[in-house]
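Chemist: This one is target.tsv, TSV, C-alpha atoms.
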```
chain	number	residue	atom	x	y	z
N	1	MET	CA	91.31	115.53	72.81
N	2	ASN	CA	94.21	115.69	70.37
N	3	ILE	CA	97.30	117.81	71.02
N	4	ILE	CA	98.17	119.85	67.93
N	5	SER	CA	101.24	121.58	69.35
N	6	THR	CA	102.58	122.45	72.78
N	7	GLY	CA	105.52	124.10	74.51
N	8	PHE	CA	106.90	124.10	78.05
N	9	HIS	CA	108.79	127.05	79.52
N	10	SER	CA	109.04	128.71	76.10
N	11	VAL	CA	111.09	131.92	76.18
N	12	TYR	CA	110.53	134.81	73.75
N	13	GLY	CA	112.10	138.25	73.31
N	14	SER	CA	110.57	141.61	74.20
N	15	GLU	CA	109.29	142.14	70.64
N	16	TYR	CA	107.40	138.84	70.53
N	17	ARG	CA	103.70	138.90	69.64
N	18	PHE	CA	101.53	135.84	68.96
N	19	ARG	CA	98.33	136.17	66.95
N	20	SER	CA	96.16	133.51	65.32
N	21	GLN	CA	92.65	133.39	63.95
N	22	PRO	CA	90.00	131.17	65.57
N	23	GLN	CA	89.53	127.69	64.11
N	24	LYS	CA	86.54	125.45	64.68
N	25	ASN	CA	87.03	122.98	67.56
N	26	ILE	CA	90.57	124.27	68.22
N	27	PHE	CA	91.28	125.50	71.76
N	28	MET	CA	94.41	126.99	73.28
N	29	LEU	CA	95.72	127.43	76.83
N	30	VAL	CA	98.54	129.84	77.68
N	31	LEU	CA	100.10	129.94	81.16
N	32	THR	CA	102.56	132.79	81.76
N	33	LYS	CA	105.60	132.78	84.02
N	34	SER	CA	106.42	136.44	83.38
N	35	ASN	CA	104.54	139.67	82.82
N	36	ALA	CA	102.47	139.51	79.64
N	37	VAL	CA	99.87	141.35	77.60
N	38	PHE	CA	96.74	139.52	76.46
N	39	CYS	CA	94.29	141.00	73.96
N	40	VAL	CA	90.83	139.43	73.95
N	41	ASP	CA	87.98	140.89	71.87
N	42	GLY	CA	89.83	144.19	71.63
N	43	VAL	CA	90.42	144.46	75.39
N	44	GLU	CA	94.07	144.59	76.48
N	45	TYR	CA	95.10	143.03	79.79
N	46	HIS	CA	98.53	143.61	81.36
N	47	THR	CA	99.00	140.59	83.59
N	48	PRO	CA	101.56	139.45	86.17
N	49	PRO	CA	103.20	136.00	86.20
N	50	GLU	CA	101.04	132.98	86.99
N	51	THR	CA	98.19	134.09	84.75
N	52	PHE	CA	96.46	131.84	82.27
N	53	VAL	CA	94.01	132.31	79.42
N	54	LEU	CA	91.97	129.45	77.99
N	55	TYR	CA	90.86	130.42	74.47
N	56	ASP	CA	87.88	128.68	72.90
N	57	ASP	CA	87.27	128.45	69.14
N	58	THR	CA	85.42	131.78	68.81
N	59	VAL	CA	88.08	134.44	69.42
N	60	ILE	CA	91.39	135.59	68.01
N	61	ARG	CA	94.29	134.40	70.20
N	62	GLU	CA	96.66	137.27	70.82
N	63	TYR	CA	99.33	137.79	73.47
N	64	SER	CA	102.79	139.30	73.75
N	65	ALA	CA	105.72	140.15	75.98
N	66	ASP	CA	105.26	143.11	78.32
N	67	ASN	CA	108.39	145.30	78.04
N	68	SER	CA	110.68	142.33	78.70
N	69	PHE	CA	111.08	138.70	77.70
N	70	LEU	CA	108.03	136.42	77.79
N	71	VAL	CA	108.10	133.00	79.45
N	72	CYS	CA	105.08	130.74	79.10
N	73	ASP	CA	103.69	127.23	78.79
N	74	TRP	CA	101.10	126.64	76.10
N	75	ILE	CA	98.94	123.96	74.51
N	76	CYS	CA	96.91	124.05	71.31
N	77	PHE	CA	94.41	121.20	71.14
N	78	ASP	CA	91.47	119.83	69.18
N	79	LYS	CA	88.52	118.79	71.34
N	80	ASN	CA	88.03	115.84	68.95
N	81	GLY	CA	84.56	114.76	69.98
N	82	ASP	CA	85.01	115.46	73.70
N	83	ASN	CA	82.15	117.96	73.63
N	84	GLU	CA	80.26	116.25	76.44
N	85	PHE	CA	83.28	116.34	78.76
N	86	LEU	CA	84.03	120.00	78.05
N	87	ASP	CA	80.38	121.01	78.34
N	88	SER	CA	80.22	119.37	81.77
N	89	LEU	CA	82.88	121.78	83.07
N	90	GLU	CA	82.59	125.42	84.02
N	91	LEU	CA	85.77	126.75	82.48
N	92	PRO	CA	86.80	130.43	82.38
N	93	PHE	CA	87.14	130.98	78.63
N	94	ASN	CA	88.64	134.03	76.96
N	95	TYR	CA	89.87	136.20	79.84
N	96	PRO	CA	92.95	136.24	82.09
N	97	VAL	CA	92.75	134.31	85.36
N	98	GLN	CA	95.16	134.34	88.29
N	99	PHE	CA	95.73	130.76	89.42
N	100	SER	CA	96.97	129.74	92.86
N	101	ASP	CA	98.54	126.40	91.86
N	102	THR	CA	100.43	127.09	88.63
N	103	ASP	CA	103.20	124.61	89.51
N	104	PHE	CA	100.67	121.77	89.30
N	105	ILE	CA	99.36	122.97	85.91
N	106	SER	CA	102.87	123.68	84.60
N	107	ASN	CA	104.06	120.19	85.54
N	108	LEU	CA	101.10	118.68	83.71
N	109	ILE	CA	101.95	120.74	80.61
N	110	ARG	CA	105.57	119.58	80.84
N	111	ASN	CA	104.40	115.95	80.95
N	112	ILE	CA	101.96	116.55	78.10
N	113	ALA	CA	104.75	118.04	75.97
N	114	SER	CA	107.07	115.16	76.82
N	115	GLU	CA	104.45	112.56	75.85
N	116	HIS	CA	103.35	114.45	72.73
N	117	TYR	CA	106.84	114.59	71.27
N	118	SER	CA	107.77	111.05	72.30
N	119	LEU	CA	107.44	107.94	70.16
N	120	GLY	CA	105.54	105.99	72.80
N	121	ALA	CA	102.80	103.70	71.56
N	122	ARG	CA	100.35	105.04	74.14
N	123	ARG	CA	101.25	108.72	73.89
N	124	ILE	CA	97.84	109.77	72.53
N	125	LYS	CA	96.01	108.07	75.40
N	126	MET	CA	98.48	109.51	77.91
N	127	THR	CA	98.18	113.07	76.64
N	128	GLU	CA	94.38	112.82	76.59
N	129	THR	CA	94.35	111.66	80.24
N	130	LEU	CA	96.74	114.43	81.29
N	131	MET	CA	94.67	117.03	79.43
N	132	LYS	CA	91.48	115.99	81.20
N	133	THR	CA	93.27	116.07	84.55
N	134	MET	CA	94.46	119.62	83.85
N	135	LEU	CA	91.03	120.87	82.80
N	136	LEU	CA	89.41	119.26	85.85
N	137	LYS	CA	91.96	121.03	88.06
N	138	ILE	CA	91.14	124.38	86.45
N	139	ASN	CA	87.43	123.66	86.77
N	140	ASP	CA	87.78	122.96	90.50
N	141	PHE	CA	89.63	126.20	91.22
N	142	SER	CA	87.27	128.55	93.07
N	143	GLY	CA	89.36	131.71	92.72
N	144	TRP	CA	87.97	132.86	89.40
N	145	HIS	CA	84.71	134.57	88.55
N	146	ASP	CA	82.75	134.31	85.36
N	147	GLU	CA	83.35	136.97	82.71
N	148	SER	CA	80.16	138.90	83.42
N	149	GLN	CA	81.11	139.26	87.08
N	150	GLN	CA	84.52	140.65	86.19
N	151	THR	CA	83.06	143.04	83.65
N	152	VAL	CA	80.64	144.62	86.10
N	153	ASP	CA	82.77	144.37	89.25
N	154	PRO	CA	83.92	147.96	89.89
N	155	HIS	CA	87.02	146.73	91.73
N	156	TYR	CA	88.31	144.28	89.11
N	157	SER	CA	90.45	146.69	87.07
N	158	ALA	CA	91.81	148.45	90.16
N	159	LEU	CA	92.84	145.19	91.81
N	160	MET	CA	94.42	143.85	88.62
N	161	GLU	CA	96.39	147.09	88.28
N	162	LEU	CA	97.48	146.93	91.92
N	163	ARG	CA	98.60	143.32	91.60
N	164	GLU	CA	100.62	144.14	88.51
N	165	LYS	CA	102.24	147.03	90.41
N	166	VAL	CA	103.11	144.73	93.31
N	167	TYR	CA	104.78	142.20	90.99
N	168	ARG	CA	106.63	144.93	89.09
N	169	ASN	CA	107.94	146.59	92.25
N	170	PRO	CA	108.93	143.89	94.76
N	171	GLN	CA	111.45	146.30	96.34
N	172	MET	CA	108.65	148.45	97.76
N	173	LYS	CA	107.44	148.03	101.35
N	174	TRP	CA	104.00	146.68	100.53
N	175	ASN	CA	101.62	146.04	103.42
N	176	VAL	CA	97.87	145.64	103.85
N	177	ASP	CA	97.30	149.29	104.74
N	178	SER	CA	99.24	150.71	101.80
N	179	MET	CA	97.61	148.31	99.34
N	180	ALA	CA	94.11	149.02	100.64
N	181	SER	CA	94.80	152.75	100.42
N	182	ASP	CA	96.00	152.35	96.82
N	183	VAL	CA	92.54	151.12	95.78
N	184	ASN	CA	90.57	153.27	98.26
N	185	MET	CA	89.17	150.40	100.33
N	186	SER	CA	88.99	149.68	104.02
N	187	ARG	CA	91.60	147.26	105.32
N	188	SER	CA	89.15	144.44	106.11
N	189	TYR	CA	87.14	144.76	102.89
N	190	PHE	CA	90.30	144.90	100.79
N	191	GLN	CA	91.66	141.70	102.35
N	192	HIS	CA	88.36	139.93	101.77
N	193	ILE	CA	87.88	140.93	98.12
N	194	TYR	CA	91.55	140.37	97.24
N	195	ARG	CA	91.44	136.77	98.43
N	196	GLU	CA	88.07	136.25	96.78
N	197	MET	CA	89.32	137.51	93.43
N	198	PHE	CA	92.80	135.95	93.31
N	199	GLY	CA	92.47	132.93	95.59
N	200	ILE	CA	95.36	134.07	97.80
N	201	SER	CA	95.85	136.60	100.60
N	202	CYS	CA	97.38	139.94	99.67
N	203	VAL	CA	100.31	139.37	102.06
N	204	ALA	CA	101.11	135.94	100.58
N	205	ASP	CA	100.85	137.43	97.09
N	206	VAL	CA	103.36	140.16	97.93
N	207	ILE	CA	105.79	137.46	99.08
N	208	ASN	CA	105.17	135.48	95.88
N	209	GLY	CA	105.98	138.58	93.84
N	210	LYS	CA	109.26	139.05	95.70
N	211	ILE	CA	110.27	135.42	95.29
N	212	GLU	CA	109.39	135.38	91.57
N	213	LYS	CA	111.56	138.45	91.05
N	214	ALA	CA	114.35	136.85	93.06
N	215	LYS	CA	114.21	133.73	90.88
N	216	GLU	CA	114.42	135.91	87.78
N	217	ILE	CA	117.47	137.82	89.06
N	218	LEU	CA	119.22	134.65	90.20
N	219	SER	CA	118.62	133.05	86.79
N	220	GLU	CA	119.77	135.99	84.66
N	221	THR	CA	122.44	137.86	86.62
N	222	SER	CA	125.49	137.24	88.77
N	223	CYS	CA	124.19	139.39	91.63
N	224	THR	CA	125.05	138.09	95.09
N	225	VAL	CA	122.34	136.68	97.33
N	226	SER	CA	122.68	139.79	99.50
N	227	GLN	CA	122.10	142.03	96.47
N	228	VAL	CA	119.12	139.97	95.33
N	229	SER	CA	117.66	140.21	98.82
N	230	ALA	CA	117.90	144.01	98.80
N	231	MET	CA	116.53	144.29	95.24
N	232	CYS	CA	113.46	142.33	96.31
N	233	GLY	CA	112.72	144.55	99.29
N	234	TYR	CA	114.20	142.52	102.13
N	235	ASP	CA	116.03	144.30	104.96
N	236	ASN	CA	117.33	141.02	106.33
N	237	GLU	CA	119.23	138.57	104.11
N	238	GLU	CA	118.58	135.65	106.47
N	239	HIS	CA	114.85	136.29	106.37
N	240	PHE	CA	114.97	136.35	102.56
N	241	MET	CA	116.86	133.04	102.44
N	242	ARG	CA	114.41	131.36	104.83
N	243	GLN	CA	111.39	132.61	102.90
N	244	PHE	CA	112.91	131.64	99.55
N	245	LYS	CA	113.66	128.10	100.71
N	246	LYS	CA	110.20	127.72	102.23
N	247	ILE	CA	108.48	128.63	98.95
N	248	VAL	CA	110.90	127.28	96.32
N	249	GLY	CA	112.19	124.28	98.26
N	250	VAL	CA	115.89	125.10	97.93
N	251	THR	CA	118.19	127.95	98.96
N	252	PRO	CA	118.84	130.81	96.51
N	253	THR	CA	122.37	129.48	95.86
N	254	LYS	CA	121.14	125.97	95.06
N	255	TYR	CA	118.37	127.38	92.87
N	256	ARG	CA	120.92	129.31	90.81
N	257	LYS	CA	122.98	126.16	90.29
N	258	LYS	CA	119.92	124.25	89.06
N	259	VAL	CA	118.85	126.75	86.36
```
Output the structure of this file as structure tokens.
Modeler:
Amino acid sequence: MNIISTGFHSVYGSEYRFRSQPQKNIFMLVLTKSNAVFCVDGVEYHTPPETFVLYDDTVIREYSADNSFLVCDWICFDKNGDNEFLDSLELPFNYPVQFSDTDFISNLIRNIASEHYSLGARRIKMTETLMKTMLLKINDFSGWHDESQQTVDPHYSALMELREKVYRNPQMKWNVDSMASDVNMSRSYFQHIYREMFGISCVADVINGKIEKAKEILSETSCTVSQVSAMCGYDNEEHFMRQFKKIVGVTPTKYRKKV
């Protein structure tokens, strides 16, 4: 596989819209770190952070910011004779997928971008190896369904809408009962289908949404840690700090100094 172009942690304004026509043998992967809008075959998907779309060479690639700035990683690549390798995988082409290990994929894209734009003698071999590692990781992820399953699943749209609402409103007191009620499901069934669809429990996902919002506020404002805690729905600042450090690896104050 040959890398045509790539970007890591690219940031675009609220008016940004990407659109390109399909090209034979050219594929593209987009991994978002903010809310985004994907349009695939005329269907518009409003997606939360940590969503990716892997476009094949048959559809128009179109995505944009969703009422705010857009942050994403992306790779455009030519399969360059690697048909047998790609055909051996069961990849989720041409629809949004929630991924449970985006840090792993994002780090691979960062390394791919670094190698691609370097002058190293073995950069082509390195990027090809990293690309195959990334695609194998996506292939092994069990949290996605094939497109036909999502199309006919009566709960798919409702759960996607709920998840977007959770990520947009981290200040709300989300719990299993309120979320299940939002989509008219029993508590036990809701927990089961949520994990099955997104590869993560609903409770853990609520926490992820709060922490992602906290990271955004810490990066872009001068709000105090106490204010950030309240804006993300925490009643206890100490609890927020412990949860933030557990997930991110550093305290909110240290995170702000790093970005």
Chemist: Under the rule that only C-alpha atoms are counted, which of N:Asn83, N:Thr32, N:Ser222, N:Gln23 is the nearest residue to N:Asp57?
Modeler: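 Counting only C-alpha atoms, the residue closest to N:Asp57 is N:Gln23.
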Chemist: So which one's closest to N:Asp182, N:Ala230, N:Met197, N:Ala158, N:Ala204? Using all atoms listed in the file, please.
Modeler: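 Looking only at the distances to N:Asp182, the closest residue turns out to be N:Ala158.
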Chemist: Let me make sure I understand: among N:Asp82, N:Glu50, N:Glu44, N:Glu62, which one has the smallest atom-to-atom distance to N:Asn25 if we use all atoms listed in the file?
Modeler: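 Looking only at the distances to N:Asn25, the closest residue turns out to be N:Asp82.
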Chemist: Need to verify the contact set: N:Glu115, 8 Å, all atoms listed in the file, exclusion of same-chain residues closer than 4 positions in sequence. Can you return it as a PyMOL selection string?
Modeler: chain N and resi 111+119-120+123-124+126-127
Chemist: Can you measure atom CA of N:Leu135 to atom CA of N:Asp87 for me? One decimal in Å is fine.
Modeler: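 So the two atoms, atom CA of N:Leu135 and atom CA of N:Asp87, lie 11.5 Å apart.
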Chemist: Fewer than 5 positions away in the same chain doesn't count, so skip those; otherwise give me all residues within 6 Å of N:Val30, counting all atoms listed in the file, as a ChimeraX atom specification.
Modeler: /N:52-53,73-74
Chemist: Which of these, N:Lys33, N:Lys173, N:Arg195, N:Lys125, has the shortest distance to N:Leu159 once you count only C-alpha atoms?
Modeler: N:Arg195
Chemist: Between atom CA of N:Lys132 and atom CA of N:Ser10, what is the distance in Å, rounded to a tenth?
Modeler: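 Between atom CA of N:Lys132 and atom CA of N:Ser10 the gap is 22.3 Å.
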Chemist: Of the residues N:Met131, N:Tyr45, N:Ser68, N:Phe190, which is the one nearest to N:Leu29, using only C-alpha atoms?
Modeler: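 Residue with the minimum atom-to-atom distance to N:Leu29: N:Met131.
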Chemist: Would you list the contacts of N:Ala36 as a PyMOL selection string, taking every protein, DNA or RNA residue within 7 Å and counting only C-alpha atoms, but skipping same-chain residues closer than 5 positions in sequence?
Modeler: chain N and resi 46-48+64-66+70
Chemist: By how many Å are atom CA of N:Glu212 and atom CA of N:Phe77 apart?
Modeler: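 Taking atom CA of N:Glu212 as the start and atom CA of N:Phe77 as the end point, the length is 29.0 Å.
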